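> My structure is stored as entry-v2.tsv, with TSV, C-alpha atoms.
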```tsv
chain	number	residue	atom	x	y	z
A	21	MET	CA	-9.15	-6.77	6.78
A	22	ILE	CA	-9.47	-4.54	9.85
A	23	THR	CA	-8.33	-5.56	13.34
A	24	ASP	CA	-8.99	-3.20	16.27
A	25	GLY	CA	-9.27	-0.38	13.76
A	26	ILE	CA	-5.89	-1.24	12.22
A	27	LYS	CA	-6.16	-1.73	8.47
A	28	ILE	CA	-4.18	-4.64	7.05
A	29	LYS	CA	-3.13	-3.80	3.50
A	30	THR	CA	-3.31	-6.14	0.54
A	31	ASP	CA	-0.33	-6.65	-1.76
A	32	GLU	CA	-2.04	-4.40	-4.31
A	33	GLU	CA	-2.49	-1.64	-1.75
A	34	ILE	CA	1.11	-1.92	-0.64
A	35	GLU	CA	2.28	-1.59	-4.23
A	36	LEU	CA	0.26	1.62	-4.58
A	37	MET	CA	1.80	2.94	-1.36
A	38	ARG	CA	5.24	2.02	-2.66
A	39	ALA	CA	4.59	4.05	-5.81
A	40	SER	CA	3.52	7.01	-3.68
A	41	GLY	CA	6.62	6.56	-1.53
A	42	ARG	CA	8.92	6.61	-4.55
A	43	VAL	CA	7.61	10.03	-5.55
A	44	LEU	CA	8.08	11.24	-2.00
A	45	ALA	CA	11.63	9.91	-1.72
A	46	SER	CA	12.59	11.59	-4.98
A	47	ALA	CA	11.05	14.85	-3.78
A	48	LEU	CA	13.08	14.68	-0.57
A	49	ARG	CA	16.23	14.05	-2.57
A	50	LEU	CA	15.48	17.11	-4.71
A	51	LEU	CA	14.91	19.25	-1.63
A	52	GLY	CA	18.11	17.98	-0.07
A	53	SER	CA	20.03	19.11	-3.15
A	54	MET	CA	18.62	22.62	-2.66
A	55	ILE	CA	19.63	22.98	1.00
A	56	GLU	CA	22.28	25.67	1.33
A	57	PRO	CA	22.70	29.00	3.10
A	58	GLY	CA	20.47	31.61	1.48
A	59	VAL	CA	17.60	29.37	0.33
A	60	THR	CA	14.15	30.20	1.68
A	61	THR	CA	11.74	27.66	3.07
A	62	GLU	CA	9.15	29.06	0.65
A	63	ALA	CA	11.39	28.11	-2.29
A	64	LEU	CA	11.62	24.57	-0.95
A	65	ASP	CA	7.85	24.38	-0.66
A	66	ARG	CA	7.32	25.57	-4.24
A	67	ALA	CA	9.83	23.06	-5.58
A	68	ALA	CA	8.24	20.21	-3.65
A	69	GLU	CA	4.73	20.95	-4.85
A	70	GLU	CA	5.82	21.31	-8.48
A	71	PHE	CA	7.77	18.05	-8.35
A	72	ILE	CA	5.00	16.06	-6.66
A	73	ARG	CA	2.29	17.29	-9.04
A	74	SER	CA	4.50	16.65	-12.06
A	75	HIS	CA	4.56	12.98	-11.05
A	76	GLY	CA	0.79	12.53	-11.01
A	77	ALA	CA	0.43	13.00	-7.27
A	78	VAL	CA	-0.64	15.72	-4.87
A	79	PRO	CA	0.92	16.99	-1.62
A	80	SER	CA	-0.91	15.29	1.24
A	81	PHE	CA	-0.35	18.17	3.64
A	82	LYS	CA	-1.70	21.05	1.58
A	83	GLY	CA	-5.06	22.00	3.05
A	84	TYR	CA	-4.97	19.07	5.50
A	85	ARG	CA	-6.81	20.35	8.57
A	86	GLY	CA	-6.14	23.80	7.14
A	87	PHE	CA	-2.36	23.52	6.77
A	88	PRO	CA	-1.35	26.19	4.22
A	89	ALA	CA	1.66	24.61	2.53
A	90	SER	CA	2.81	21.46	0.72
A	91	ILE	CA	5.62	20.52	3.13
A	92	CYS	CA	6.60	21.26	6.71
A	93	THR	CA	9.91	23.07	7.21
A	94	SER	CA	10.98	23.14	10.87
A	95	VAL	CA	14.17	25.04	11.64
A	96	ASN	CA	16.49	24.57	14.64
A	97	SER	CA	14.30	24.39	17.79
A	98	GLU	CA	11.16	23.83	15.71
A	99	VAL	CA	10.19	20.19	16.09
A	100	VAL	CA	7.50	19.72	13.42
A	101	HIS	CA	4.78	21.50	11.41
A	102	GLY	CA	6.83	24.58	10.57
A	103	ILE	CA	5.13	26.64	7.87
A	104	PRO	CA	7.30	27.55	4.85
A	105	GLY	CA	7.69	31.26	4.20
A	106	ARG	CA	10.28	33.98	3.72
A	107	ARG	CA	12.67	32.54	6.29
A	108	VAL	CA	16.20	32.29	4.91
A	109	LEU	CA	18.28	29.33	5.99
A	110	GLY	CA	21.68	30.25	7.35
A	111	GLU	CA	25.02	28.54	7.80
A	112	GLY	CA	24.86	26.16	10.76
A	113	ASP	CA	21.07	25.83	10.82
A	114	ILE	CA	19.28	22.52	10.68
A	115	VAL	CA	15.94	22.12	8.91
A	116	SER	CA	13.54	19.20	9.21
A	117	ILE	CA	11.51	18.65	6.05
A	118	ASP	CA	8.38	16.55	6.37
A	119	VAL	CA	6.62	15.52	3.15
A	120	GLY	CA	3.38	13.67	2.44
A	121	VAL	CA	2.33	12.40	-0.98
A	122	LEU	CA	-1.09	11.18	-2.12
A	123	LYS	CA	-1.00	9.13	-5.30
A	124	ASP	CA	-3.75	6.91	-6.69
A	125	GLY	CA	-5.65	7.08	-3.42
A	126	TYR	CA	-2.81	6.18	-1.03
A	127	HIS	CA	-0.59	8.30	1.18
A	128	SER	CA	3.08	8.09	2.05
A	129	ASP	CA	4.86	10.15	4.70
A	130	ALA	CA	8.56	10.73	5.39
A	131	ALA	CA	10.87	13.31	6.91
A	132	ARG	CA	14.55	14.11	7.15
A	133	THR	CA	16.60	16.70	8.99
A	134	PHE	CA	19.28	18.43	6.92
A	135	ALA	CA	22.31	20.38	8.03
A	136	VAL	CA	22.70	23.76	6.34
A	137	GLY	CA	26.38	24.11	5.57
A	138	GLU	CA	28.74	23.18	8.40
A	139	VAL	CA	27.26	22.39	11.82
A	140	ALA	CA	28.86	21.79	15.20
A	141	PRO	CA	29.86	18.21	16.15
A	142	GLU	CA	27.12	18.03	18.78
A	143	VAL	CA	24.56	18.81	16.09
A	144	ASP	CA	25.92	15.98	13.96
A	145	GLY	CA	25.46	13.79	17.04
A	146	LEU	CA	21.79	14.77	17.33
A	147	LEU	CA	21.14	13.97	13.68
A	148	ALA	CA	22.99	10.66	13.89
A	149	ALA	CA	21.09	9.61	17.02
A	150	THR	CA	17.75	10.38	15.40
A	151	ARG	CA	18.64	8.46	12.23
A	152	GLU	CA	19.77	5.52	14.37
A	153	ALA	CA	16.55	5.66	16.39
A	154	LEU	CA	14.49	5.46	13.20
A	155	ALA	CA	16.52	2.48	12.00
A	156	ALA	CA	16.04	0.78	15.38
A	157	GLY	CA	12.30	1.40	15.31
A	158	ILE	CA	12.03	0.01	11.79
A	159	ALA	CA	14.04	-3.08	12.75
A	160	ALA	CA	11.59	-3.72	15.61
A	161	ALA	CA	8.51	-3.40	13.34
A	162	ARG	CA	8.22	-7.09	12.54
A	163	GLU	CA	5.37	-9.57	12.79
A	164	GLY	CA	4.98	-10.90	16.33
A	165	ASN	CA	6.36	-7.78	17.97
A	166	THR	CA	4.14	-5.01	19.33
A	167	ILE	CA	4.00	-1.25	18.96
A	168	ALA	CA	5.67	-1.10	22.39
A	169	ASP	CA	8.69	-2.91	20.95
A	170	VAL	CA	9.00	-0.20	18.28
A	171	SER	CA	8.61	2.52	20.92
A	172	ALA	CA	11.20	0.93	23.19
A	173	ALA	CA	13.73	0.59	20.38
A	174	VAL	CA	13.43	4.29	19.55
A	175	GLN	CA	13.50	5.49	23.16
A	176	THR	CA	16.44	3.32	24.17
A	177	THR	CA	18.50	4.51	21.23
A	178	VAL	CA	17.77	8.18	21.80
A	179	GLU	CA	18.21	8.25	25.57
A	180	GLY	CA	21.31	6.10	25.35
A	181	ARG	CA	22.92	8.95	23.42
A	182	GLY	CA	21.88	11.61	25.91
A	183	PHE	CA	18.93	13.10	24.02
A	184	SER	CA	15.18	13.07	24.67
A	185	VAL	CA	12.18	11.86	22.67
A	186	VAL	CA	9.22	14.20	22.23
A	187	ARG	CA	6.17	12.72	23.98
A	188	ASP	CA	3.33	14.97	22.83
A	189	LEU	CA	3.60	13.78	19.21
A	190	VAL	CA	3.62	10.25	17.80
A	191	GLY	CA	3.90	8.25	14.62
A	192	HIS	CA	0.83	6.61	13.10
A	193	GLY	CA	-0.75	4.13	10.77
A	194	ILE	CA	-1.13	5.30	7.18
A	195	GLY	CA	-2.81	4.24	3.94
A	196	ARG	CA	-5.96	5.60	2.34
A	197	ASP	CA	-5.97	8.11	5.19
A	198	MET	CA	-2.96	10.14	6.25
A	199	HIS	CA	-3.51	9.18	9.88
A	200	GLU	CA	-4.86	5.73	10.69
A	201	PRO	CA	-4.65	3.52	13.80
A	202	PRO	CA	-2.45	2.64	15.52
A	203	GLN	CA	-0.53	5.46	17.15
A	204	VAL	CA	3.22	4.80	17.26
A	205	PRO	CA	4.79	6.58	20.25
A	206	ASN	CA	8.54	7.08	20.45
A	207	PHE	CA	8.52	6.17	24.14
A	208	VAL	CA	7.07	3.35	26.20
A	209	GLY	CA	3.89	4.48	27.92
A	210	ALA	CA	0.87	3.00	29.63
A	211	GLY	CA	-1.33	2.83	26.53
A	212	ALA	CA	-2.33	-0.16	24.45
A	213	ALA	CA	0.41	-1.91	22.47
A	214	PRO	CA	-1.20	-3.73	19.53
A	215	GLU	CA	0.55	-6.77	18.13
A	216	LEU	CA	2.04	-6.25	14.69
A	217	VAL	CA	1.06	-8.50	11.80
A	218	SER	CA	2.16	-8.63	8.19
A	219	GLY	CA	0.50	-5.94	6.08
A	220	VAL	CA	0.28	-3.24	8.74
A	221	THR	CA	1.63	0.05	7.38
A	222	LEU	CA	3.16	2.59	9.74
A	223	ALA	CA	4.78	5.99	9.66
A	224	ILE	CA	7.57	5.68	12.22
A	225	GLU	CA	8.98	9.09	13.10
A	226	PRO	CA	11.35	9.80	15.98
A	227	MET	CA	11.26	13.47	17.02
A	228	VAL	CA	14.29	14.12	19.19
A	229	ASN	CA	15.30	17.14	21.24
A	230	ALA	CA	18.85	17.95	22.24
A	231	GLY	CA	17.48	19.19	25.57
A	232	ASP	CA	14.35	18.19	27.45
A	233	TYR	CA	11.26	16.72	25.76
A	234	PRO	CA	8.45	19.25	26.55
A	235	VAL	CA	7.14	21.18	23.55
A	236	GLU	CA	4.72	24.00	22.86
A	237	VAL	CA	2.79	25.31	19.85
A	238	LEU	CA	3.50	28.81	18.52
A	239	ASP	CA	0.84	31.43	17.88
A	240	ASP	CA	0.47	30.33	14.24
A	241	GLY	CA	-1.36	27.29	15.58
A	242	TRP	CA	0.95	24.85	13.82
A	243	THR	CA	4.64	25.18	14.59
A	244	VAL	CA	5.71	22.93	17.46
A	245	VAL	CA	8.92	23.99	19.21
A	246	ALA	CA	11.13	22.62	21.97
A	247	LYS	CA	10.04	24.47	25.08
A	248	ASP	CA	13.62	24.93	26.30
A	249	GLY	CA	14.79	26.26	22.92
A	250	SER	CA	17.06	23.31	22.23
A	251	LEU	CA	17.64	21.94	18.74
A	252	SER	CA	15.30	19.24	17.45
A	253	ALA	CA	15.61	16.60	14.71
A	254	HIS	CA	13.01	14.51	12.90
A	255	PHE	CA	13.44	11.45	10.68
A	256	GLU	CA	10.57	9.37	9.31
A	257	HIS	CA	9.77	6.54	6.91
A	258	THR	CA	6.58	4.79	5.87
A	259	VAL	CA	7.01	1.02	6.30
A	260	VAL	CA	5.03	-2.18	5.95
A	261	VAL	CA	5.37	-4.89	8.58
A	262	ARG	CA	6.50	-8.25	7.20
A	263	ARG	CA	7.13	-11.63	8.79
A	264	ASP	CA	10.88	-11.26	8.45
A	265	GLY	CA	11.08	-7.51	9.19
A	266	ALA	CA	9.75	-4.19	7.99
A	267	GLU	CA	10.07	-3.00	4.41
A	268	ILE	CA	10.53	0.72	3.81
A	269	LEU	CA	8.07	2.09	1.25
A	270	THR	CA	9.47	5.61	1.02
A	271	LEU	CA	12.50	4.77	-1.10
A	272	GLU	CA	13.42	5.73	-4.63
A	273	GLY	CA	12.96	3.11	-7.32
A	274	LEU	CA	16.67	2.44	-7.82
A	275	GLU	CA	17.28	1.69	-4.15
A	276	GLU	CA	16.74	-1.64	-2.48
A	277	PRO	CA	14.28	-1.73	0.44
A	278	GLY	CA	15.84	-2.33	3.82
A	279	ALA	CA	15.79	-1.25	7.43
A	280	SER	CA	17.88	1.89	7.16
A	281	GLY	CA	16.87	5.23	8.62
A	282	ASP	CA	18.94	7.35	6.27
A	283	ASN	CA	17.33	6.76	2.89
A	284	GLY	CA	15.20	9.27	1.06
```
Can you dump the structure from the file as structure tokens?

Amino acid sequence: MITDGIKIKTDEEIELMRASGRVLASALRLLGSMIEPGVTTEALDRAAEEFIRSHGAVPSFKGYRGFPASICTSVNSEVVHGIPGRRVLGEGDIVSIDVGVLKDGYHSDAARTFAVGEVAPEVDGLLAATREALAAGIAAAREGNTIADVSAAVQTTVEGRGFSVVRDLVGHGIGRDMHEPPQVPNFVGAGAAPELVSGVTLAIEPMVNAGDYPVEVLDDGWTVVAKDGSLSAHFEHTVVVRRDGAEILTLEGLEEPGASGDNG
């Protein structure tokens, strides 16, 4: 069923998305185990692609609109869409890893920001606030609420902790296509706020800057950075709206679904 361009998924479709999400969550766990000073973002990309393909899936991002890699690796002031390469991660860096998986015709999408070694307390605060904002957005993604309720939950959490939500980039619907209606902003704007019904699948993804929210795109045409050079964090899950609350689809098989922003 399609309502205002929003595709309501069947139970069978949701199960396929869950299977895709399990591969993704396991890939993120593998990448997290590799994060340490001295690792290159290129090595992370190679490991992710090998893992995803070994599980009967393909990286959603590779070749998508011309993107050259299997994952996005965004370091420090890079918000999203960082291209893996020879960059070496150093002690005190943070790196946001965004992964998409296509399996049996359905996409999943999730991201997590990792600390590289020891980071300053204020950096821990940024990561914690972004995780909490994701959890708040997921908790608001229930039948009868609207997209604006999700946006408000994220924005209130982030700004209440003294950080800012990026406004030029948003979350999105997801399913057979990587990006489907509706858009899911992390702030309350003047746009339409569709009502949520059971079976809607969303990629909720707070992108949070330690400084101000304006961003710009680097000359590579992909990497989005905080315009003021401040650190940025990114956490994301793919979820399905249910009557009694959202269910996270990007979890490993041994974990129980639930509204937590720190899984995967």
> Between A:Leu222, A:Val95, A:Ile268, A:Leu238, which has the minimum distance to A:Glu200 (counting all atoms listed in the file)?
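So, comparing all the options, the nearest one is A:Leu222.
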> Which residues of stretch 109-218 of chain A sit at most 10 Å from stretch 31-38 of chain A, using only C-alpha atoms? Give each one's shortest atom pair and distance in Å (one decimal place), in chain and ascending residue order, as JSON lines.

```
{"residue": "A:Val121", "atom": "CA", "partner": "A:Met37", "partner_atom": "CA", "distance": 9.5}
{"residue": "A:Leu122", "atom": "CA", "partner": "A:Met37", "partner_atom": "CA", "distance": 8.8}
{"residue": "A:Lys123", "atom": "CA", "partner": "A:Leu36", "partner_atom": "CA", "distance": 7.6}
{"residue": "A:Asp124", "atom": "CA", "partner": "A:Leu36", "partner_atom": "CA", "distance": 7.0}
{"residue": "A:Gly125", "atom": "CA", "partner": "A:Leu36", "partner_atom": "CA", "distance": 8.1}
{"residue": "A:Tyr126", "atom": "CA", "partner": "A:Met37", "partner_atom": "CA", "distance": 5.6}
{"residue": "A:His127", "atom": "CA", "partner": "A:Met37", "partner_atom": "CA", "distance": 6.4}
{"residue": "A:Ser128", "atom": "CA", "partner": "A:Met37", "partner_atom": "CA", "distance": 6.3}
{"residue": "A:Asp129", "atom": "CA", "partner": "A:Met37", "partner_atom": "CA", "distance": 9.9}
{"residue": "A:Ile194", "atom": "CA", "partner": "A:Met37", "partner_atom": "CA", "distance": 9.3}
{"residue": "A:Gly195", "atom": "CA", "partner": "A:Met37", "partner_atom": "CA", "distance": 7.1}
{"residue": "A:Arg196", "atom": "CA", "partner": "A:Met37", "partner_atom": "CA", "distance": 9.0}
```
> Please list as a PyMOL selection string every residue within 10 Å of A:Gly209, counting only C-alpha atoms and excluding residues in the same chain fewer than 4 positions away.
chain A and resi 168+171-172+187+205+213
> By how many Å are atom CA of A:Ala149 and atom CA of A:Thr177 apart?
7.1 Å
> Near A:Val59, within 10 Å and counting all atoms listed in the file, which residues show up once chain neighbours fewer than 2 positions away are dropped, as a VMD selection string?
chain A and resid 54 to 57 61 to 64 106 to 110 136
> Using C-alpha atoms, can you write the selected residues to a file as a PDB file, keeping the file's coordinate frame?

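Output contents, as saved in result23.pdb:
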```
ATOM      1  CA  MET A  54      18.620  22.620  -2.660  1.00  0.00           C
ATOM      2  CA  ILE A  55      19.630  22.980   1.000  1.00  0.00           C
ATOM      3  CA  GLU A  56      22.280  25.670   1.330  1.00  0.00           C
ATOM      4  CA  PRO A  57      22.700  29.000   3.100  1.00  0.00           C
ATOM      5  CA  THR A  61      11.740  27.660   3.070  1.00  0.00           C
ATOM      6  CA  GLU A  62       9.150  29.060   0.650  1.00  0.00           C
ATOM      7  CA  ALA A  63      11.390  28.110  -2.290  1.00  0.00           C
ATOM      8  CA  LEU A  64      11.620  24.570  -0.950  1.00  0.00           C
ATOM      9  CA  ARG A 106      10.280  33.980   3.720  1.00  0.00           C
ATOM     10  CA  ARG A 107      12.670  32.540   6.290  1.00  0.00           C
ATOM     11  CA  VAL A 108      16.200  32.290   4.910  1.00  0.00           C
ATOM     12  CA  LEU A 109      18.280  29.330   5.990  1.00  0.00           C
ATOM     13  CA  GLY A 110      21.680  30.250   7.350  1.00  0.00           C
ATOM     14  CA  VAL A 136      22.700  23.760   6.340  1.00  0.00           C
TER      15      VAL A 136
END
```
> Let me know the centre plus edge lengths, in Å and rounded to one decimal, of a box with edges along x, y and z that contains all listed atoms of stretch 237-251 of chain A and is padded by 3 Å on every side, as AutoDock Vina command-line options.

```
--center_x 8.1 --center_y 26.7 --center_z 20.1 --size_x 25.0 --size_y 15.5 --size_z 18.5
```
> With distances taken over only C-alpha atoms, which of A:Ile26, A:Val204, A:Ile224, A:Ile103 is nearest to A:Thr60?
A:Ile103
> In Å, rounded to a single decimal, give me how far atom CA of A:Val185 is from atom CA of A:Ser218.
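A separation of 27.0 Å between them.
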